[in-house]
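With PDB, N, CA and C atoms inside, this is entry-v4.pdb:
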ATOM      1  N   MET L   1       0.847  -1.171   0.000
ATOM      2  CA  MET L   1       0.000   0.000   0.000
ATOM      3  C   MET L   1       0.894   1.237   0.000
ATOM      4  N   SER L   2       0.690   2.097  -0.948
ATOM      5  CA  SER L   2       1.518   3.294  -1.032
ATOM      6  C   SER L   2       0.924   4.409  -0.192
ATOM      7  N   ASN L   3       1.671   5.484  -0.041
ATOM      8  CA  ASN L   3       1.201   6.613   0.755
ATOM      9  C   ASN L   3      -0.029   7.263   0.160
ATOM     10  N   SER L   4      -0.116   7.308  -1.168
ATOM     11  CA  SER L   4      -1.268   7.956  -1.792
ATOM     12  C   SER L   4      -2.545   7.181  -1.516
ATOM     13  N   GLU L   5      -2.466   5.853  -1.409
ATOM     14  CA  GLU L   5      -3.646   5.065  -1.117
ATOM     15  C   GLU L   5      -4.062   5.204   0.339
ATOM     16  N   SER L   6      -3.123   5.370   1.231
ATOM     17  CA  SER L   6      -3.463   5.461   2.640
ATOM     18  C   SER L   6      -4.070   6.823   2.992
ATOM     19  N   THR L   7      -3.810   7.851   2.219
ATOM     20  CA  THR L   7      -4.360   9.170   2.511
ATOM     21  C   THR L   7      -5.602   9.482   1.695
ATOM     22  N   ALA L   8      -6.014   8.581   0.820
ATOM     23  CA  ALA L   8      -7.198   8.827   0.003
ATOM     24  C   ALA L   8      -8.437   8.805   0.883
ATOM     25  N   PRO L   9      -9.388   9.703   0.631
ATOM     26  CA  PRO L   9     -10.608   9.713   1.437
ATOM     27  C   PRO L   9     -11.422   8.443   1.197
ATOM     28  N   VAL L  10     -12.190   8.068   2.199
ATOM     29  CA  VAL L  10     -13.024   6.875   2.123
ATOM     30  C   VAL L  10     -14.407   7.287   1.648
ATOM     31  N   ALA L  11     -15.056   6.432   0.857
ATOM     32  CA  ALA L  11     -16.379   6.736   0.324
ATOM     33  C   ALA L  11     -17.383   6.928   1.458
ATOM     34  N   ALA L  12     -18.332   7.834   1.222
ATOM     35  CA  ALA L  12     -19.368   8.111   2.210
ATOM     36  C   ALA L  12     -20.298   6.909   2.340
ATOM     37  N   PRO L  13     -20.928   6.761   3.505
ATOM     38  CA  PRO L  13     -21.890   5.665   3.670
ATOM     39  C   PRO L  13     -23.040   5.805   2.672
ATOM     40  N   LEU L  14     -23.638   4.680   2.329
ATOM     41  CA  LEU L  14     -24.671   4.675   1.302
ATOM     42  C   LEU L  14     -25.867   5.534   1.677
ATOM     43  N   HIS L  15     -26.208   5.623   2.955
ATOM     44  CA  HIS L  15     -27.369   6.434   3.333
ATOM     45  C   HIS L  15     -27.145   7.916   3.040
ATOM     46  N   ARG L  16     -25.892   8.375   3.012
ATOM     47  CA  ARG L  16     -25.608   9.765   2.638
ATOM     48  C   ARG L  16     -25.579   9.937   1.131
ATOM     49  N   ARG L  17     -25.265   8.861   0.415
ATOM     50  CA  ARG L  17     -25.153   8.933  -1.040
ATOM     51  C   ARG L  17     -26.466   8.597  -1.720
ATOM     52  N   GLY L  18     -27.399   8.001  -1.000
ATOM     53  CA  GLY L  18     -28.639   7.492  -1.575
ATOM     54  C   GLY L  18     -29.429   8.475  -2.416
ATOM     55  N   PRO L  19     -29.717   9.680  -1.906
ATOM     56  CA  PRO L  19     -30.506  10.607  -2.716
ATOM     57  C   PRO L  19     -29.861  10.936  -4.066
ATOM     58  N   ALA L  20     -28.563  11.074  -4.086
ATOM     59  CA  ALA L  20     -27.887  11.366  -5.351
ATOM     60  C   ALA L  20     -27.933  10.161  -6.278
ATOM     61  N   LEU L  21     -27.761   8.974  -5.709
ATOM     62  CA  LEU L  21     -27.750   7.774  -6.533
ATOM     63  C   LEU L  21     -29.138   7.390  -7.028
ATOM     64  N   LEU L  22     -30.186   7.890  -6.375
ATOM     65  CA  LEU L  22     -31.536   7.621  -6.859
ATOM     66  C   LEU L  22     -31.783   8.263  -8.220
ATOM     67  N   LEU L  23     -31.047   9.306  -8.534
ATOM     68  CA  LEU L  23     -31.185   9.915  -9.863
ATOM     69  C   LEU L  23     -30.850   8.917 -10.972
ATOM     70  N   LEU L  24     -30.021   7.932 -10.657
ATOM     71  CA  LEU L  24     -29.642   6.942 -11.661
ATOM     72  C   LEU L  24     -30.781   5.989 -11.998
ATOM     73  N   ALA L  25     -31.813   5.942 -11.176
ATOM     74  CA  ALA L  25     -32.959   5.075 -11.451
ATOM     75  C   ALA L  25     -33.922   5.701 -12.448
ATOM     76  N   ILE L  26     -33.876   7.009 -12.604
ATOM     77  CA  ILE L  26     -34.836   7.694 -13.474
ATOM     78  C   ILE L  26     -34.752   7.222 -14.927
ATOM     79  N   PRO L  27     -33.570   7.118 -15.553
ATOM     80  CA  PRO L  27     -33.551   6.637 -16.942
ATOM     81  C   PRO L  27     -34.132   5.228 -17.085
ATOM     82  N   GLY L  28     -33.850   4.348 -16.148
ATOM     83  CA  GLY L  28     -34.402   2.999 -16.204
ATOM     84  C   GLY L  28     -35.915   3.006 -16.116
ATOM     85  N   ILE L  29     -36.439   3.846 -15.233
ATOM     86  CA  ILE L  29     -37.891   3.958 -15.099
ATOM     87  C   ILE L  29     -38.501   4.518 -16.379
ATOM     88  N   LEU L  30     -37.861   5.528 -16.966
ATOM     89  CA  LEU L  30     -38.372   6.095 -18.217
ATOM     90  C   LEU L  30     -38.430   5.055 -19.320
ATOM     91  N   PHE L  31     -37.391   4.237 -19.440
ATOM     92  CA  PHE L  31     -37.378   3.216 -20.483
ATOM     93  C   PHE L  31     -38.414   2.127 -20.197
ATOM     94  N   CYS L  32     -38.601   1.766 -18.940
ATOM     95  CA  CYS L  32     -39.598   0.745 -18.609
ATOM     96  C   CYS L  32     -41.024   1.237 -18.818
ATOM     97  N   LEU L  33     -41.245   2.516 -18.668
ATOM     98  CA  LEU L  33     -42.581   3.082 -18.861
ATOM     99  C   LEU L  33     -42.916   3.346 -20.323
ATOM    100  N   ALA L  34     -41.953   3.262 -21.194
ATOM    101  CA  ALA L  34     -42.172   3.593 -22.607
ATOM    102  C   ALA L  34     -43.321   2.820 -23.240
ATOM    103  N   PRO L  35     -43.444   1.524 -23.062
ATOM    104  CA  PRO L  35     -44.556   0.826 -23.717
ATOM    105  C   PRO L  35     -45.930   1.267 -23.218
ATOM    106  N   PHE L  36     -45.997   1.745 -21.980
ATOM    107  CA  PHE L  36     -47.276   2.143 -21.415
ATOM    108  C   PHE L  36     -47.606   3.607 -21.682
ATOM    109  N   VAL L  37     -46.608   4.457 -21.694
ATOM    110  CA  VAL L  37     -46.822   5.897 -21.839
ATOM    111  C   VAL L  37     -46.820   6.324 -23.299
ATOM    112  N   ALA L  38     -45.935   5.758 -24.081
ATOM    113  CA  ALA L  38     -45.696   6.299 -25.420
ATOM    114  C   ALA L  38     -45.903   5.285 -26.531
ATOM    115  N   ASN L  39     -46.633   4.222 -26.303
ATOM    116  CA  ASN L  39     -46.791   3.194 -27.312
ATOM    117  C   ASN L  39     -47.902   3.565 -28.299
ATOM    118  N   ARG L  40     -47.617   4.526 -29.140
ATOM    119  CA  ARG L  40     -48.557   4.931 -30.195
ATOM    120  C   ARG L  40     -47.773   5.558 -31.332
ATOM    121  N   ILE L  41     -48.337   5.479 -32.495
ATOM    122  CA  ILE L  41     -47.676   6.021 -33.674
ATOM    123  C   ILE L  41     -47.993   7.508 -33.815
ATOM    124  N   GLU L  42     -49.231   7.877 -33.558
ATOM    125  CA  GLU L  42     -49.630   9.274 -33.651
ATOM    126  C   GLU L  42     -49.652   9.871 -32.258
ATOM    127  N   PRO L  43     -49.277  11.051 -32.016
ATOM    128  CA  PRO L  43     -48.812  12.059 -32.962
ATOM    129  C   PRO L  43     -47.384  11.797 -33.386
ATOM    130  N   ARG L  44     -47.016  12.378 -34.480
ATOM    131  CA  ARG L  44     -45.640  12.284 -34.959
ATOM    132  C   ARG L  44     -44.907  13.561 -34.560
ATOM    133  N   ILE L  45     -43.673  13.391 -34.144
ATOM    134  CA  ILE L  45     -42.843  14.534 -33.754
ATOM    135  C   ILE L  45     -41.686  14.591 -34.731
ATOM    136  N   LEU L  46     -41.602  15.653 -35.481
ATOM    137  CA  LEU L  46     -40.605  15.820 -36.535
ATOM    138  C   LEU L  46     -40.631  14.647 -37.513
ATOM    139  N   GLY L  47     -41.813  14.096 -37.749
ATOM    140  CA  GLY L  47     -41.979  13.027 -38.721
ATOM    141  C   GLY L  47     -41.697  11.637 -38.199
ATOM    142  N   ILE L  48     -41.340  11.500 -36.916
ATOM    143  CA  ILE L  48     -41.090  10.158 -36.377
ATOM    144  C   ILE L  48     -42.180   9.818 -35.365
ATOM    145  N   PRO L  49     -42.507   8.542 -35.235
ATOM    146  CA  PRO L  49     -43.559   8.149 -34.286
ATOM    147  C   PRO L  49     -43.232   8.582 -32.857
ATOM    148  N   PHE L  50     -44.287   8.773 -32.073
ATOM    149  CA  PHE L  50     -44.134   9.283 -30.714
ATOM    150  C   PHE L  50     -43.267   8.368 -29.854
ATOM    151  N   LEU L  51     -43.411   7.057 -30.016
ATOM    152  CA  LEU L  51     -42.611   6.124 -29.216
ATOM    153  C   LEU L  51     -41.118   6.321 -29.463
ATOM    154  N   ILE L  52     -40.742   6.468 -30.724
ATOM    155  CA  ILE L  52     -39.326   6.662 -31.049
ATOM    156  C   ILE L  52     -38.842   8.007 -30.510
ATOM    157  N   ALA L  53     -39.663   9.054 -30.625
ATOM    158  CA  ALA L  53     -39.292  10.367 -30.089
ATOM    159  C   ALA L  53     -39.132  10.300 -28.567
ATOM    160  N   TYR L  54     -40.012   9.550 -27.910
ATOM    161  CA  TYR L  54     -39.918   9.384 -26.455
ATOM    162  C   TYR L  54     -38.616   8.683 -26.077
ATOM    163  N   LEU L  55     -38.267   7.617 -26.796
ATOM    164  CA  LEU L  55     -37.040   6.887 -26.498
ATOM    165  C   LEU L  55     -35.798   7.734 -26.765
ATOM    166  N   ILE L  56     -35.831   8.540 -27.815
ATOM    167  CA  ILE L  56     -34.707   9.442 -28.090
ATOM    168  C   ILE L  56     -34.574  10.465 -26.964
ATOM    169  N   ALA L  57     -35.709  11.028 -26.528
ATOM    170  CA  ALA L  57     -35.674  12.012 -25.441
ATOM    171  C   ALA L  57     -35.157  11.387 -24.145
ATOM    172  N   ALA L  58     -35.588  10.160 -23.849
ATOM    173  CA  ALA L  58     -35.113   9.485 -22.633
ATOM    174  C   ALA L  58     -33.617   9.205 -22.727
ATOM    175  N   THR L  59     -33.140   8.843 -23.905
ATOM    176  CA  THR L  59     -31.710   8.573 -24.089
ATOM    177  C   THR L  59     -30.893   9.850 -23.933
ATOM    178  N   VAL L  60     -31.367  10.943 -24.502
ATOM    179  CA  VAL L  60     -30.661  12.226 -24.394
ATOM    180  C   VAL L  60     -30.667  12.711 -22.945
ATOM    181  N   LEU L  61     -31.735  12.440 -22.227
ATOM    182  CA  LEU L  61     -31.847  12.868 -20.832
ATOM    183  C   LEU L  61     -30.953  12.058 -19.899
ATOM    184  N   THR L  62     -30.559  10.862 -20.308
ATOM    185  CA  THR L  62     -29.742   9.982 -19.461
ATOM    186  C   THR L  62     -28.384  10.601 -19.127
ATOM    187  N   GLY L  63     -27.720  11.200 -20.096
ATOM    188  CA  GLY L  63     -26.403  11.803 -19.858
ATOM    189  C   GLY L  63     -26.416  12.878 -18.789
ATOM    190  N   PRO L  64     -27.298  13.876 -18.911
ATOM    191  CA  PRO L  64     -27.353  14.896 -17.852
ATOM    192  C   PRO L  64     -27.748  14.337 -16.481
ATOM    193  N   LEU L  65     -28.592  13.318 -16.442
ATOM    194  CA  LEU L  65     -28.954  12.727 -15.147
ATOM    195  C   LEU L  65     -27.763  12.028 -14.502
ATOM    196  N   ILE L  66     -26.946  11.378 -15.299
ATOM    197  CA  ILE L  66     -25.741  10.749 -14.753
ATOM    198  C   ILE L  66     -24.774  11.821 -14.258
ATOM    199  N   TRP L  67     -24.661  12.912 -14.985
ATOM    200  CA  TRP L  67     -23.798  14.015 -14.537
ATOM    201  C   TRP L  67     -24.322  14.588 -13.215
ATOM    202  N   LEU L  68     -25.644  14.776 -13.106
ATOM    203  CA  LEU L  68     -26.210  15.295 -11.860
ATOM    204  C   LEU L  68     -25.960  14.344 -10.692
ATOM    205  N   ALA L  69     -26.111  13.052 -10.931
ATOM    206  CA  ALA L  69     -25.860  12.078  -9.863
ATOM    207  C   ALA L  69     -24.412  12.159  -9.402
ATOM    208  N   ALA L  70     -23.489  12.281 -10.336
ATOM    209  CA  ALA L  70     -22.078  12.406  -9.969
ATOM    210  C   ALA L  70     -21.810  13.731  -9.267
ATOM    211  N   HIS L  71     -22.457  14.792  -9.712
ATOM    212  CA  HIS L  71     -22.247  16.118  -9.134
ATOM    213  C   HIS L  71     -22.726  16.177  -7.682
ATOM    214  N   PHE L  72     -23.847  15.518  -7.379
ATOM    215  CA  PHE L  72     -24.405  15.572  -6.030
ATOM    216  C   PHE L  72     -23.918  14.440  -5.128
ATOM    217  N   ASP L  73     -23.159  13.496  -5.656
ATOM    218  CA  ASP L  73     -22.650  12.384  -4.846
ATOM    219  C   ASP L  73     -21.431  12.855  -4.060
ATOM    220  N   PRO L  74     -21.509  12.878  -2.723
ATOM    221  CA  PRO L  74     -20.374  13.397  -1.937
ATOM    222  C   PRO L  74     -19.101  12.574  -2.100
ATOM    223  N   ALA L  75     -19.231  11.276  -2.306
ATOM    224  CA  ALA L  75     -18.032  10.447  -2.471
ATOM    225  C   ALA L  75     -17.338  10.760  -3.790
ATOM    226  N   TYR L  76     -18.093  10.996  -4.831
ATOM    227  CA  TYR L  76     -17.504  11.304  -6.138
ATOM    228  C   TYR L  76     -16.819  12.676  -6.096
ATOM    229  N   ARG L  77     -17.467  13.652  -5.453
ATOM    230  CA  ARG L  77     -16.893  14.988  -5.387
ATOM    231  C   ARG L  77     -15.611  15.038  -4.583
ATOM    232  N   SER L  78     -15.509  14.199  -3.543
ATOM    233  CA  SER L  78     -14.308  14.227  -2.704
ATOM    234  C   SER L  78     -13.177  13.376  -3.263
ATOM    235  N   GLY L  79     -13.457  12.620  -4.321
ATOM    236  CA  GLY L  79     -12.432  11.766  -4.903
ATOM    237  C   GLY L  79     -12.163  10.527  -4.072
ATOM    238  N   ALA L  80     -13.162  10.105  -3.295
ATOM    239  CA  ALA L  80     -13.000   8.946  -2.420
ATOM    240  C   ALA L  80     -12.793   7.680  -3.236
ATOM    241  N   VAL L  81     -12.043   6.782  -2.660
ATOM    242  CA  VAL L  81     -11.773   5.503  -3.299
ATOM    243  C   VAL L  81     -12.981   4.603  -3.090
ATOM    244  N   GLU L  82     -13.503   4.047  -4.178
ATOM    245  CA  GLU L  82     -14.627   3.116  -4.087
ATOM    246  C   GLU L  82     -14.097   1.729  -3.755
ATOM    247  N   PHE L  83     -14.766   1.040  -2.857
ATOM    248  CA  PHE L  83     -14.375  -0.314  -2.511
ATOM    249  C   PHE L  83     -14.863  -1.267  -3.598
ATOM    250  N   VAL L  84     -13.974  -2.048  -4.134
ATOM    251  CA  VAL L  84     -14.304  -3.074  -5.121
ATOM    252  C   VAL L  84     -13.795  -4.385  -4.560
ATOM    253  N   PRO L  85     -14.690  -5.352  -4.303
ATOM    254  CA  PRO L  85     -14.238  -6.611  -3.696
ATOM    255  C   PRO L  85     -13.161  -7.322  -4.514
ATOM    256  N   ALA L  86     -13.142  -7.143  -5.807
ATOM    257  CA  ALA L  86     -12.139  -7.806  -6.635
ATOM    258  C   ALA L  86     -10.738  -7.250  -6.378
ATOM    259  N   ASP L  87     -10.644  -6.078  -5.776
ATOM    260  CA  ASP L  87      -9.337  -5.507  -5.463
ATOM    261  C   ASP L  87      -8.616  -6.285  -4.377
ATOM    262  N   ASP L  88      -9.380  -6.938  -3.527
ATOM    263  CA  ASP L  88      -8.781  -7.738  -2.444
ATOM    264  C   ASP L  88      -8.542  -9.144  -2.959
ATOM    265  N   SER L  89      -7.282  -9.481  -3.122
ATOM    266  CA  SER L  89      -6.967 -10.839  -3.564
ATOM    267  C   SER L  89      -6.797 -11.729  -2.340
ATOM    268  N   PRO L  90      -7.019 -13.037  -2.471
ATOM    269  CA  PRO L  90      -6.887 -13.929  -1.314
ATOM    270  C   PRO L  90      -5.485 -13.857  -0.709
ATOM    271  N   GLY L  91      -5.412 -13.800   0.579
ATOM    272  CA  GLY L  91      -4.133 -13.768   1.279
ATOM    273  C   GLY L  91      -3.465 -12.405   1.258
ATOM    274  N   GLY L  92      -4.118 -11.399   0.670
ATOM    275  CA  GLY L  92      -3.561 -10.057   0.643
ATOM    276  C   GLY L  92      -2.415  -9.875  -0.331
ATOM    277  N   ALA L  93      -2.139 -10.879  -1.160
ATOM    278  CA  ALA L  93      -1.049 -10.766  -2.128
ATOM    279  C   ALA L  93      -1.496  -9.914  -3.306
ATOM    280  N   SER L  94      -0.609  -9.115  -3.811
ATOM    281  CA  SER L  94      -0.953  -8.301  -4.961
ATOM    282  C   SER L  94      -0.819  -9.119  -6.241
ATOM    283  N   VAL L  95      -1.576  -8.733  -7.235
ATOM    284  CA  VAL L  95      -1.567  -9.430  -8.517
ATOM    285  C   VAL L  95      -0.505  -8.785  -9.394
ATOM    286  N   ASP L  96       0.365  -9.595  -9.977
ATOM    287  CA  ASP L  96       1.394  -9.074 -10.877
ATOM    288  C   ASP L  96       0.819  -8.941 -12.274
ATOM    289  N   LEU L  97       0.864  -7.724 -12.797
ATOM    290  CA  LEU L  97       0.390  -7.472 -14.150
ATOM    291  C   LEU L  97       1.546  -7.603 -15.139
ATOM    292  N   PRO L  98       1.223  -8.017 -16.368
ATOM    293  CA  PRO L  98       2.265  -8.009 -17.390
ATOM    294  C   PRO L  98       2.794  -6.596 -17.611
ATOM    295  N   GLU L  99       3.983  -6.466 -18.089
ATOM    296  CA  GLU L  99       4.620  -5.173 -18.249
ATOM    297  C   GLU L  99       3.806  -4.227 -19.143
ATOM    298  N   ASP L 100       3.166  -4.745 -20.181
ATOM    299  CA  ASP L 100       2.420  -3.881 -21.102
ATOM    300  C   ASP L 100       1.115  -3.374 -20.507
ATOM    301  N   LEU L 101       0.630  -3.965 -19.413
ATOM    302  CA  LEU L 101      -0.612  -3.513 -18.777
ATOM    303  C   LEU L 101      -0.379  -2.589 -17.602
ATOM    304  N   ARG L 102       0.852  -2.321 -17.237
ATOM    305  CA  ARG L 102       1.123  -1.434 -16.093
ATOM    306  C   ARG L 102       1.013  -0.004 -16.466
TER
END

Show this structure as structure tokens.
Amino acid sequence: MSNSESTAPVAAPLHRRGPALLLLAIPGILFCLAPFVANRIEPRILGIPFLIAYLIAATVLTGPLIWLAAHFDPAYRSGAVEFVPADDSPGGASVDLPEDLR
């Protein structure tokens, strides 16, 4: 473990991050609601069926929602290290990478 890893901030608990991370559910909900909300050909928007226009709008809206979730997430803003279970190898031994992957 190097000095930079030992001084890195730790990610905030999930209950503090929850409201920001809930923004990530909105695109999924929009896509799941598409067959019920927008499943019709008429009206046409710019010559394309309403369902396709709805899906395009939901896709375009996904990027800004992900940016907002990152912007309001305290762990992301502080540069905290995220815990990934795969980072811990059995026995605490580090994995040797080939020279071209370092």

Point-to-point distance in Å for atom CA of L:Ile56 and atom N of L:Leu23: 19.9 Å

Separation of atom C of L:Asp73 from atom C of L:Leu33 in Å: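 For atom C of L:Leu33 relative to atom C of L:Asp73, the distance reads 28.6 Å.
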
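Straight-line separation from atom CA of L:Leu21 to atom N of L:Ala69: 7.1 Å.
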
Non-local contacts of L:Ala20 (8 Å; all atoms listed in the file; under 5 positions in same chain excluded) as a list in words: His15, Ala25, Leu68, Ala69, Ala70, His71, Phe72, Asp73 and Pro74 of chain L

Explicit residues for the PyMOL selection byres ((chain L and resi 38) around 7) (as a PyMOL selection string): chain L and resi 33-37+39-41+50-52+54

Which stretch 12-47 of chain L residues have any atom within 6.5 Å of an atom of stretch 57-66 of chain L, and for each, what is the nearest pair of atoms with distance in Å to one decimal, counting all atoms listed in the file, rows sorted by chain and number, as JSON lines?
{"residue": "L:Leu23", "atom": "C", "partner": "L:Leu65", "partner_atom": "C", "distance": 5.6}
{"residue": "L:Leu24", "atom": "N", "partner": "L:Leu65", "partner_atom": "C", "distance": 6.1}
{"residue": "L:Pro27", "atom": "CA", "partner": "L:Thr62", "partner_atom": "CA", "distance": 5.7}
{"residue": "L:Leu30", "atom": "C", "partner": "L:Ala58", "partner_atom": "CA", "distance": 6.5}

Convert the current residue selection to file output with N, CA and C atoms, as a PDB file, in the coordinates of the input.
ATOM      1  N   LEU L  23     -31.047   9.306  -8.534  1.00  0.00           N
ATOM      2  CA  LEU L  23     -31.185   9.915  -9.863  1.00  0.00           C
ATOM      3  C   LEU L  23     -30.850   8.917 -10.972  1.00  0.00           C
ATOM      4  N   LEU L  24     -30.021   7.932 -10.657  1.00  0.00           N
ATOM      5  CA  LEU L  24     -29.642   6.942 -11.661  1.00  0.00           C
ATOM      6  C   LEU L  24     -30.781   5.989 -11.998  1.00  0.00           C
ATOM      7  N   PRO L  27     -33.570   7.118 -15.553  1.00  0.00           N
ATOM      8  CA  PRO L  27     -33.551   6.637 -16.942  1.00  0.00           C
ATOM      9  C   PRO L  27     -34.132   5.228 -17.085  1.00  0.00           C
ATOM     10  N   LEU L  30     -37.861   5.528 -16.966  1.00  0.00           N
ATOM     11  CA  LEU L  30     -38.372   6.095 -18.217  1.00  0.00           C
ATOM     12  C   LEU L  30     -38.430   5.055 -19.320  1.00  0.00           C
TER      13      LEU L  30
END
